[in-house]
Amino acid sequence: NLLRLQNIQIKDADIVATTGWTTGNLLNALDTHPPKKNYLYVTLLIGVNNQYKHRTLDEYKSQFTELLNRAISYAGNNKAHVFVLSIPDYSVTPFASGSDTVQIAKEIDKFNEENKTISLNEGVHYIDITPISREAKNDPSLIAGDGLHPSAIQYKKWSELLAPLMLQEIN
């Protein structure tokens with residue numbers, strides 16, 4: 001919508017992943033139903049459920065790298081049109097109360113260190129949305145009614161970081 005406000009004609013996004021998926025789930029879905037076309041832009045945000053389900057960092061790095069390579073191919077091998085978003089931190093949500101929130105945040109940081117390194121080494125855009133997610137500790141409007149997921153307000157803040165980068169690539 002932010003791109004459309006700039007008079008950019010863009011189709012609605014094809015969303016492949018779903019809530020609760022790990023990198024392995026997304027790879028399986030792409031193997032089962034591979035995209036049939038190249039996309040102008042491809043975004044990738046995956047990993048919170050790897051951390052939540054106690055999947056290893058090594059597994060994440062390997063599978064994230066494969067997913068990023070696929071994202072690049074889905075963008076017609078145009079790395080400038082691939083945007084990786086960091087993993088949001090759910091340790092600040094009501095869902096995480098009663099958990100070791102310090103440990104969750106540390107693990108999210110480790111996963112993000114890896115996805116950032118891999119992304120920058122591949123030459124794609126990297127957008128750090130984690131600080132925005134952490135604002136939810138003091139701003140409950142950033143959390144959806146389920147007490148876990150980002151609200152529309154938080155998604156808008158992420159979009160406000162992403163859209164200018166996309167516009168830059170159009171111009």
# chains A, B, ... in the order shown; residues from 1 in each chain; ligands from 1
call {"tool": "select_by_dssp", "arguments": {"residues": "chain A", "states": "alpha helix (DSSP H)", "output": "short mmCIF file (atom, residue, chain, number, x, y, z; two decimals) with N, CA, C and O atoms, in the first residue's frame"}}
result
data_model
loop_
_atom_site.label_atom_id
_atom_site.label_comp_id
_atom_site.auth_asym_id
_atom_site.auth_seq_id
_atom_site.Cartn_x
_atom_site.Cartn_y
_atom_site.Cartn_z
N THR A 23 12.17 -22.74 9.02
CA THR A 23 12.82 -22.72 7.71
C THR A 23 12.58 -24.04 6.98
O THR A 23 12.37 -24.05 5.76
N GLY A 24 12.58 -25.14 7.71
CA GLY A 24 12.33 -26.44 7.09
C GLY A 24 10.93 -26.54 6.50
O GLY A 24 10.75 -27.09 5.40
N ASN A 25 9.95 -26.01 7.20
CA ASN A 25 8.58 -26.01 6.68
C ASN A 25 8.48 -25.21 5.39
O ASN A 25 7.81 -25.62 4.44
N LEU A 26 9.14 -24.06 5.36
CA LEU A 26 9.10 -23.22 4.16
C LEU A 26 9.80 -23.91 3.00
O LEU A 26 9.30 -23.90 1.87
N LEU A 27 10.95 -24.53 3.25
CA LEU A 27 11.63 -25.28 2.18
C LEU A 27 10.74 -26.39 1.63
O LEU A 27 10.64 -26.56 0.41
N ASN A 28 10.08 -27.11 2.52
CA ASN A 28 9.18 -28.19 2.07
C ASN A 28 8.04 -27.64 1.21
O ASN A 28 7.69 -28.23 0.19
N ALA A 29 7.48 -26.51 1.62
CA ALA A 29 6.38 -25.91 0.86
C ALA A 29 6.86 -25.47 -0.52
O ALA A 29 6.15 -25.66 -1.52
N LEU A 30 8.05 -24.91 -0.59
CA LEU A 30 8.59 -24.47 -1.88
C LEU A 30 8.93 -25.66 -2.77
O LEU A 30 8.81 -25.57 -4.00
N ASP A 31 9.34 -26.77 -2.16
CA ASP A 31 9.59 -27.98 -2.95
C ASP A 31 8.29 -28.55 -3.50
O ASP A 31 8.24 -29.00 -4.64
N THR A 32 7.25 -28.51 -2.69
CA THR A 32 5.95 -29.06 -3.08
C THR A 32 5.24 -28.18 -4.10
O THR A 32 4.64 -28.68 -5.05
N VAL A 48 11.84 -17.23 13.59
CA VAL A 48 11.40 -17.16 14.98
C VAL A 48 10.95 -18.54 15.48
O VAL A 48 11.20 -18.90 16.63
N ASN A 49 10.33 -19.32 14.61
CA ASN A 49 9.87 -20.63 15.06
C ASN A 49 11.01 -21.64 15.13
O ASN A 49 10.91 -22.62 15.86
N ASN A 50 12.09 -21.40 14.41
CA ASN A 50 13.29 -22.22 14.61
C ASN A 50 13.78 -22.02 16.04
O ASN A 50 14.09 -22.99 16.74
N GLN A 51 13.84 -20.76 16.47
CA GLN A 51 14.28 -20.48 17.84
C GLN A 51 13.27 -21.04 18.84
O GLN A 51 13.65 -21.71 19.78
N TYR A 52 12.00 -20.79 18.62
CA TYR A 52 10.96 -21.21 19.56
C TYR A 52 10.92 -22.73 19.72
O TYR A 52 10.72 -23.24 20.82
N LEU A 57 21.11 -23.61 15.63
CA LEU A 57 21.57 -22.47 14.84
C LEU A 57 22.21 -22.95 13.54
O LEU A 57 22.03 -22.33 12.49
N ASP A 58 22.94 -24.06 13.60
CA ASP A 58 23.56 -24.60 12.38
C ASP A 58 22.50 -24.99 11.34
O ASP A 58 22.67 -24.73 10.15
N GLU A 59 21.43 -25.63 11.79
CA GLU A 59 20.35 -25.98 10.88
C GLU A 59 19.75 -24.72 10.27
O GLU A 59 19.51 -24.66 9.06
N TYR A 60 19.52 -23.72 11.11
CA TYR A 60 18.95 -22.46 10.63
C TYR A 60 19.85 -21.84 9.57
O TYR A 60 19.37 -21.43 8.51
N LYS A 61 21.14 -21.74 9.85
CA LYS A 61 22.07 -21.12 8.90
C LYS A 61 22.01 -21.83 7.55
O LYS A 61 21.94 -21.18 6.51
N SER A 62 22.03 -23.13 7.57
CA SER A 62 22.01 -23.91 6.33
C SER A 62 20.70 -23.71 5.57
O SER A 62 20.70 -23.43 4.36
N GLN A 63 19.59 -23.83 6.27
CA GLN A 63 18.29 -23.71 5.62
C GLN A 63 18.00 -22.26 5.22
O GLN A 63 17.41 -22.02 4.16
N PHE A 64 18.41 -21.30 6.03
CA PHE A 64 18.22 -19.90 5.66
C PHE A 64 19.01 -19.58 4.39
O PHE A 64 18.50 -18.89 3.50
N THR A 65 20.23 -20.08 4.31
CA THR A 65 21.04 -19.86 3.11
C THR A 65 20.35 -20.41 1.87
O THR A 65 20.29 -19.75 0.83
N GLU A 66 19.79 -21.61 1.98
CA GLU A 66 19.05 -22.20 0.86
C GLU A 66 17.84 -21.35 0.51
O GLU A 66 17.57 -21.10 -0.67
N LEU A 67 17.12 -20.89 1.51
CA LEU A 67 15.95 -20.04 1.25
C LEU A 67 16.35 -18.72 0.60
O LEU A 67 15.66 -18.24 -0.31
N LEU A 68 17.44 -18.14 1.05
CA LEU A 68 17.89 -16.89 0.45
C LEU A 68 18.30 -17.10 -1.00
O LEU A 68 17.95 -16.29 -1.87
N ASN A 69 18.98 -18.19 -1.28
CA ASN A 69 19.35 -18.48 -2.67
C ASN A 69 18.10 -18.65 -3.54
O ASN A 69 18.07 -18.18 -4.68
N ARG A 70 17.09 -19.29 -3.01
CA ARG A 70 15.83 -19.42 -3.76
C ARG A 70 15.16 -18.06 -3.94
O ARG A 70 14.64 -17.77 -5.01
N ALA A 71 15.18 -17.25 -2.89
CA ALA A 71 14.58 -15.91 -2.99
C ALA A 71 15.25 -15.12 -4.11
O ALA A 71 14.57 -14.45 -4.90
N ILE A 72 16.56 -15.22 -4.19
CA ILE A 72 17.29 -14.51 -5.25
C ILE A 72 16.85 -15.04 -6.61
O ILE A 72 16.60 -14.26 -7.53
N SER A 73 16.72 -16.35 -6.73
CA SER A 73 16.29 -16.90 -8.02
C SER A 73 14.86 -16.48 -8.35
O SER A 73 14.55 -16.19 -9.50
N TYR A 74 13.99 -16.40 -7.35
CA TYR A 74 12.60 -15.99 -7.58
C TYR A 74 12.51 -14.52 -7.99
O TYR A 74 11.52 -14.09 -8.58
N THR A 101 12.83 -14.70 29.31
CA THR A 101 12.80 -13.71 28.24
C THR A 101 14.20 -13.21 27.87
O THR A 101 14.44 -12.87 26.71
N VAL A 102 15.10 -13.19 28.83
CA VAL A 102 16.49 -12.79 28.53
C VAL A 102 17.11 -13.80 27.57
O VAL A 102 17.77 -13.43 26.59
N GLN A 103 16.89 -15.07 27.83
CA GLN A 103 17.43 -16.12 26.96
C GLN A 103 16.79 -16.07 25.57
O GLN A 103 17.48 -16.23 24.56
N ILE A 104 15.50 -15.86 25.52
CA ILE A 104 14.82 -15.75 24.22
C ILE A 104 15.45 -14.63 23.40
O ILE A 104 15.80 -14.81 22.24
N ALA A 105 15.61 -13.47 24.01
CA ALA A 105 16.18 -12.32 23.31
C ALA A 105 17.61 -12.61 22.84
O ALA A 105 17.97 -12.26 21.71
N LYS A 106 18.40 -13.27 23.67
CA LYS A 106 19.77 -13.62 23.27
C LYS A 106 19.77 -14.57 22.08
O LYS A 106 20.58 -14.42 21.16
N GLU A 107 18.88 -15.54 22.11
CA GLU A 107 18.81 -16.50 21.00
C GLU A 107 18.33 -15.83 19.72
O GLU A 107 18.86 -16.10 18.64
N ILE A 108 17.34 -14.95 19.83
CA ILE A 108 16.87 -14.19 18.66
C ILE A 108 18.04 -13.39 18.08
O ILE A 108 18.24 -13.35 16.86
N ASP A 109 18.82 -12.77 18.95
CA ASP A 109 19.98 -12.01 18.49
C ASP A 109 20.97 -12.89 17.73
O ASP A 109 21.52 -12.48 16.71
N LYS A 110 21.20 -14.11 18.23
CA LYS A 110 22.13 -15.02 17.55
C LYS A 110 21.61 -15.42 16.17
O LYS A 110 22.36 -15.44 15.19
N PHE A 111 20.34 -15.73 16.08
CA PHE A 111 19.74 -16.07 14.78
C PHE A 111 19.85 -14.88 13.83
O PHE A 111 20.17 -15.04 12.66
N ASN A 112 19.59 -13.68 14.36
CA ASN A 112 19.67 -12.48 13.52
C ASN A 112 21.10 -12.16 13.10
O ASN A 112 21.32 -11.68 11.99
N GLU A 113 22.07 -12.42 13.96
CA GLU A 113 23.47 -12.23 13.56
C GLU A 113 23.77 -13.08 12.33
O GLU A 113 24.44 -12.62 11.40
N GLU A 114 23.28 -14.31 12.35
CA GLU A 114 23.54 -15.22 11.23
C GLU A 114 22.80 -14.80 9.97
O GLU A 114 23.39 -14.77 8.89
N ASN A 115 21.50 -14.47 10.09
CA ASN A 115 20.79 -14.11 8.86
C ASN A 115 21.31 -12.79 8.29
O ASN A 115 21.33 -12.61 7.08
N LYS A 116 21.77 -11.89 9.14
CA LYS A 116 22.34 -10.64 8.64
C LYS A 116 23.65 -10.90 7.91
O LYS A 116 23.86 -10.38 6.79
N THR A 117 24.52 -11.69 8.50
CA THR A 117 25.81 -12.00 7.86
C THR A 117 25.60 -12.68 6.52
O THR A 117 26.21 -12.29 5.51
N ILE A 118 24.72 -13.66 6.47
CA ILE A 118 24.44 -14.38 5.23
C ILE A 118 23.87 -13.43 4.19
O ILE A 118 24.28 -13.43 3.03
N SER A 119 22.93 -12.60 4.60
CA SER A 119 22.28 -11.66 3.67
C SER A 119 23.27 -10.66 3.10
O SER A 119 23.30 -10.43 1.89
N LEU A 120 24.07 -10.06 3.96
CA LEU A 120 25.02 -9.05 3.49
C LEU A 120 26.09 -9.69 2.61
O LEU A 120 26.51 -9.09 1.62
N ASN A 121 26.52 -10.90 2.95
CA ASN A 121 27.49 -11.60 2.12
C ASN A 121 26.93 -11.91 0.73
O ASN A 121 27.68 -11.96 -0.24
N GLU A 122 25.62 -12.12 0.66
CA GLU A 122 24.98 -12.39 -0.64
C GLU A 122 24.64 -11.12 -1.40
O GLU A 122 24.26 -11.17 -2.56
N THR A 130 13.99 -5.82 14.35
CA THR A 130 13.97 -6.31 15.73
C THR A 130 13.80 -5.17 16.74
O THR A 130 13.01 -5.31 17.69
N PRO A 131 14.50 -4.05 16.58
CA PRO A 131 14.28 -2.96 17.55
C PRO A 131 12.82 -2.49 17.61
O PRO A 131 12.33 -2.17 18.70
N ILE A 132 12.15 -2.46 16.48
CA ILE A 132 10.73 -2.08 16.48
C ILE A 132 9.93 -3.09 17.29
O ILE A 132 9.08 -2.71 18.10
N SER A 133 10.20 -4.37 17.09
CA SER A 133 9.46 -5.39 17.84
C SER A 133 9.69 -5.25 19.34
O SER A 133 8.78 -5.49 20.14
N ARG A 134 10.88 -4.84 19.72
CA ARG A 134 11.20 -4.69 21.14
C ARG A 134 10.54 -3.47 21.77
O ARG A 134 10.41 -3.40 22.99
N ALA A 152 -1.11 -4.64 13.39
CA ALA A 152 -1.06 -3.90 12.13
C ALA A 152 -0.19 -2.66 12.27
O ALA A 152 0.51 -2.27 11.32
N ILE A 153 -0.17 -2.05 13.44
CA ILE A 153 0.67 -0.87 13.67
C ILE A 153 2.14 -1.24 13.53
O ILE A 153 2.92 -0.52 12.90
N GLN A 154 2.52 -2.38 14.10
CA GLN A 154 3.92 -2.80 14.00
C GLN A 154 4.28 -3.15 12.55
O GLN A 154 5.34 -2.77 12.05
N TYR A 155 3.38 -3.86 11.87
CA TYR A 155 3.64 -4.18 10.46
C TYR A 155 3.80 -2.91 9.63
O TYR A 155 4.64 -2.86 8.73
N LYS A 156 3.03 -1.88 9.94
CA LYS A 156 3.16 -0.62 9.21
C LYS A 156 4.54 -0.01 9.44
O LYS A 156 5.17 0.49 8.50
N LYS A 157 5.03 -0.09 10.67
CA LYS A 157 6.37 0.44 10.96
C LYS A 157 7.43 -0.33 10.15
O LYS A 157 8.39 0.28 9.66
N TRP A 158 7.27 -1.63 10.04
CA TRP A 158 8.21 -2.42 9.24
C TRP A 158 8.12 -1.98 7.78
O TRP A 158 9.14 -1.82 7.12
N SER A 159 6.90 -1.81 7.30
CA SER A 159 6.69 -1.40 5.91
C SER A 159 7.32 -0.05 5.62
O SER A 159 7.81 0.19 4.52
N GLU A 160 7.29 0.82 6.60
CA GLU A 160 7.89 2.14 6.43
C GLU A 160 9.41 2.08 6.29
O GLU A 160 10.02 3.01 5.78
N LEU A 161 10.02 1.00 6.74
CA LEU A 161 11.45 0.78 6.50
C LEU A 161 11.69 0.12 5.14
O LEU A 161 12.67 0.42 4.47
N LEU A 162 10.80 -0.77 4.77
CA LEU A 162 10.94 -1.55 3.54
C LEU A 162 10.60 -0.74 2.28
O LEU A 162 11.35 -0.77 1.30
N ALA A 163 9.49 -0.03 2.29
CA ALA A 163 9.00 0.65 1.08
C ALA A 163 10.03 1.62 0.48
O ALA A 163 10.21 1.60 -0.75
N PRO A 164 10.71 2.44 1.26
CA PRO A 164 11.69 3.35 0.65
C PRO A 164 12.82 2.61 -0.09
O PRO A 164 13.30 3.07 -1.12
N LEU A 165 13.22 1.47 0.45
CA LEU A 165 14.26 0.69 -0.23
C LEU A 165 13.75 0.14 -1.55
O LEU A 165 14.48 0.12 -2.55
N MET A 166 12.50 -0.29 -1.56
CA MET A 166 11.91 -0.77 -2.80
C MET A 166 11.79 0.36 -3.82
O MET A 166 12.09 0.19 -4.99
N LEU A 167 11.35 1.53 -3.34
CA LEU A 167 11.23 2.69 -4.24
C LEU A 167 12.59 3.07 -4.82
O LEU A 167 12.70 3.43 -5.98
N GLN A 168 13.60 2.98 -4.01
CA GLN A 168 14.96 3.29 -4.46
C GLN A 168 15.37 2.36 -5.60
O GLN A 168 16.03 2.79 -6.54
N GLU A 169 14.95 1.10 -5.55
CA GLU A 169 15.31 0.13 -6.58
C GLU A 169 14.51 0.35 -7.86
O GLU A 169 14.94 -0.01 -8.94
N ILE A 170 13.32 0.94 -7.72
CA ILE A 170 12.49 1.23 -8.91
C ILE A 170 13.10 2.39 -9.69
O ILE A 170 13.15 2.40 -10.89
#
call {"tool": "residues_around", "arguments": {"residues": "Val84 (chain A)", "least_positions_apart": "4", "cutoff": "9 Å", "atoms": "only C-alpha atoms", "output": "list of chain:residue names"}}
result
A:Val42, A:Thr43, A:Leu44, A:Leu45, A:Ile46, A:Leu68, A:Asn115, A:Lys116, A:Ser119, A:Val124, A:His125, A:Tyr126, A:Ile127, A:Asp128
call {"tool": "write_last_selection", "arguments": {"atoms": "all heavy atoms", "output": "short mmCIF file (atom, residue, chain, number, x, y, z; two decimals), in the first residue's frame"}}
result
data_model
loop_
_atom_site.label_atom_id
_atom_site.label_comp_id
_atom_site.auth_asym_id
_atom_site.auth_seq_id
_atom_site.Cartn_x
_atom_site.Cartn_y
_atom_site.Cartn_z
N VAL A 42 11.18 -9.85 -3.71
CA VAL A 42 10.99 -10.99 -2.82
C VAL A 42 11.47 -10.56 -1.44
O VAL A 42 12.56 -10.00 -1.30
CB VAL A 42 11.77 -12.23 -3.30
CG1 VAL A 42 11.60 -13.38 -2.31
CG2 VAL A 42 11.33 -12.65 -4.69
N THR A 43 10.63 -10.80 -0.45
CA THR A 43 11.02 -10.55 0.94
C THR A 43 11.13 -11.88 1.66
O THR A 43 10.43 -12.85 1.33
CB THR A 43 10.01 -9.64 1.66
OG1 THR A 43 8.73 -10.28 1.70
CG2 THR A 43 9.90 -8.29 1.00
N LEU A 44 12.00 -11.91 2.66
CA LEU A 44 12.20 -13.12 3.45
C LEU A 44 12.34 -12.74 4.91
O LEU A 44 13.21 -11.95 5.27
CB LEU A 44 13.46 -13.86 2.96
CG LEU A 44 13.83 -15.16 3.67
CD1 LEU A 44 12.72 -16.20 3.50
CD2 LEU A 44 15.16 -15.70 3.12
N LEU A 45 11.44 -13.28 5.71
CA LEU A 45 11.49 -13.12 7.16
C LEU A 45 11.12 -14.48 7.72
O LEU A 45 9.97 -14.90 7.65
CB LEU A 45 10.50 -12.04 7.62
CG LEU A 45 10.53 -11.61 9.08
CD1 LEU A 45 9.63 -10.41 9.30
CD2 LEU A 45 10.24 -12.68 10.07
N ILE A 46 12.11 -15.19 8.27
CA ILE A 46 11.86 -16.54 8.77
C ILE A 46 12.88 -16.86 9.86
O ILE A 46 14.01 -16.41 9.79
CB ILE A 46 11.94 -17.59 7.62
CG1 ILE A 46 11.48 -18.98 8.06
CG2 ILE A 46 13.31 -17.65 7.01
CD1 ILE A 46 10.03 -19.23 7.92
N LEU A 68 17.44 -18.14 1.05
CA LEU A 68 17.89 -16.89 0.45
C LEU A 68 18.30 -17.10 -1.00
O LEU A 68 17.95 -16.29 -1.87
CB LEU A 68 19.04 -16.29 1.26
CG LEU A 68 19.54 -14.93 0.75
CD1 LEU A 68 18.42 -13.90 0.68
CD2 LEU A 68 20.67 -14.44 1.63
N ASN A 115 21.50 -14.47 10.09
CA ASN A 115 20.79 -14.11 8.86
C ASN A 115 21.31 -12.79 8.29
O ASN A 115 21.33 -12.61 7.08
CB ASN A 115 19.26 -14.16 9.01
CG ASN A 115 18.68 -13.17 9.98
OD1 ASN A 115 19.16 -12.06 10.15
ND2 ASN A 115 17.58 -13.58 10.62
N LYS A 116 21.77 -11.89 9.14
CA LYS A 116 22.34 -10.64 8.64
C LYS A 116 23.65 -10.90 7.91
O LYS A 116 23.86 -10.38 6.79
CB LYS A 116 22.57 -9.66 9.79
CG LYS A 116 23.13 -8.32 9.33
CD LYS A 116 23.27 -7.35 10.48
CE LYS A 116 23.76 -6.00 9.97
NZ LYS A 116 23.85 -5.01 11.08
N SER A 119 22.93 -12.60 4.60
CA SER A 119 22.28 -11.66 3.67
C SER A 119 23.27 -10.66 3.10
O SER A 119 23.30 -10.43 1.89
CB SER A 119 21.15 -10.92 4.39
OG SER A 119 20.16 -11.82 4.82
N VAL A 124 22.20 -8.79 -0.64
CA VAL A 124 20.79 -8.40 -0.66
C VAL A 124 20.56 -7.35 0.42
O VAL A 124 21.40 -7.14 1.29
CB VAL A 124 19.86 -9.62 -0.46
CG1 VAL A 124 20.11 -10.68 -1.54
CG2 VAL A 124 20.00 -10.22 0.92
N HIS A 125 19.41 -6.72 0.36
CA HIS A 125 19.05 -5.73 1.38
C HIS A 125 18.74 -6.45 2.69
O HIS A 125 18.13 -7.52 2.69
CB HIS A 125 17.80 -4.94 0.96
CG HIS A 125 18.02 -4.09 -0.24
ND1 HIS A 125 18.55 -2.83 -0.17
CD2 HIS A 125 17.75 -4.32 -1.56
CE1 HIS A 125 18.62 -2.32 -1.38
NE2 HIS A 125 18.14 -3.19 -2.24
N TYR A 126 19.12 -5.82 3.80
CA TYR A 126 18.81 -6.35 5.13
C TYR A 126 18.18 -5.24 5.95
O TYR A 126 18.73 -4.15 6.07
CB TYR A 126 20.08 -6.86 5.83
CG TYR A 126 19.79 -7.57 7.12
CD1 TYR A 126 19.43 -8.91 7.12
CD2 TYR A 126 19.85 -6.91 8.34
CE1 TYR A 126 19.14 -9.57 8.31
CE2 TYR A 126 19.56 -7.56 9.53
CZ TYR A 126 19.21 -8.89 9.50
OH TYR A 126 18.92 -9.56 10.67
N ILE A 127 17.02 -5.55 6.51
CA ILE A 127 16.27 -4.56 7.28
C ILE A 127 16.10 -5.09 8.70
O ILE A 127 15.49 -6.14 8.91
CB ILE A 127 14.90 -4.29 6.63
CG1 ILE A 127 15.11 -3.82 5.19
CG2 ILE A 127 14.10 -3.28 7.44
CD1 ILE A 127 13.94 -4.04 4.30
N ASP A 128 16.63 -4.35 9.64
CA ASP A 128 16.58 -4.76 11.04
C ASP A 128 15.30 -4.23 11.68
O ASP A 128 15.22 -3.07 12.08
CB ASP A 128 17.81 -4.24 11.78
CG ASP A 128 17.92 -4.77 13.20
OD1 ASP A 128 17.06 -5.58 13.62
OD2 ASP A 128 18.87 -4.38 13.90
#
call {"tool": "select_by_dssp", "arguments": {"residues": "region 22-137 of chain A", "states": "strand (DSSP E)", "output": "mmCIF file with N, CA and C atoms, in the first residue's frame"}}
result
data_model
loop_
_atom_site.group_PDB
_atom_site.id
_atom_site.type_symbol
_atom_site.label_atom_id
_atom_site.label_comp_id
_atom_site.auth_asym_id
_atom_site.auth_seq_id
_atom_site.Cartn_x
_atom_site.Cartn_y
_atom_site.Cartn_z
ATOM 1 N N VAL A 42 11.180 -9.846 -3.713
ATOM 2 C CA VAL A 42 10.988 -10.988 -2.820
ATOM 3 C C VAL A 42 11.467 -10.562 -1.436
ATOM 4 N N THR A 43 10.627 -10.804 -0.445
ATOM 5 C CA THR A 43 11.020 -10.552 0.941
ATOM 6 C C THR A 43 11.130 -11.883 1.663
ATOM 7 N N LEU A 44 12.002 -11.910 2.657
ATOM 8 C CA LEU A 44 12.205 -13.120 3.445
ATOM 9 C C LEU A 44 12.338 -12.741 4.909
ATOM 10 N N VAL A 82 15.813 -8.259 -3.523
ATOM 11 C CA VAL A 82 15.569 -9.200 -2.427
ATOM 12 C C VAL A 82 15.805 -8.458 -1.117
ATOM 13 N N PHE A 83 14.838 -8.601 -0.200
ATOM 14 C CA PHE A 83 14.851 -7.880 1.068
ATOM 15 C C PHE A 83 14.644 -8.874 2.208
ATOM 16 N N VAL A 84 15.638 -8.994 3.056
ATOM 17 C CA VAL A 84 15.536 -9.851 4.232
ATOM 18 C C VAL A 84 15.216 -8.962 5.422
ATOM 19 N N LEU A 85 14.230 -9.388 6.189
ATOM 20 C CA LEU A 85 13.874 -8.694 7.424
ATOM 21 C C LEU A 85 14.332 -9.551 8.598
ATOM 22 N N HIS A 125 19.408 -6.719 0.356
ATOM 23 C CA HIS A 125 19.045 -5.733 1.376
ATOM 24 C C HIS A 125 18.736 -6.447 2.686
ATOM 25 N N TYR A 126 19.115 -5.822 3.800
ATOM 26 C CA TYR A 126 18.811 -6.353 5.129
ATOM 27 C C TYR A 126 18.182 -5.244 5.948
ATOM 28 N N ILE A 127 17.018 -5.545 6.511
ATOM 29 C CA ILE A 127 16.275 -4.560 7.278
ATOM 30 C C ILE A 127 16.102 -5.089 8.700
#
call {"tool": "closest_residue", "arguments": {"among": "A:Leu40, A:Thr93, A:Gly47, A:Gly98", "to": "Lys11 (chain A)", "atoms": "only C-alpha atoms"}}
result
A:Leu40
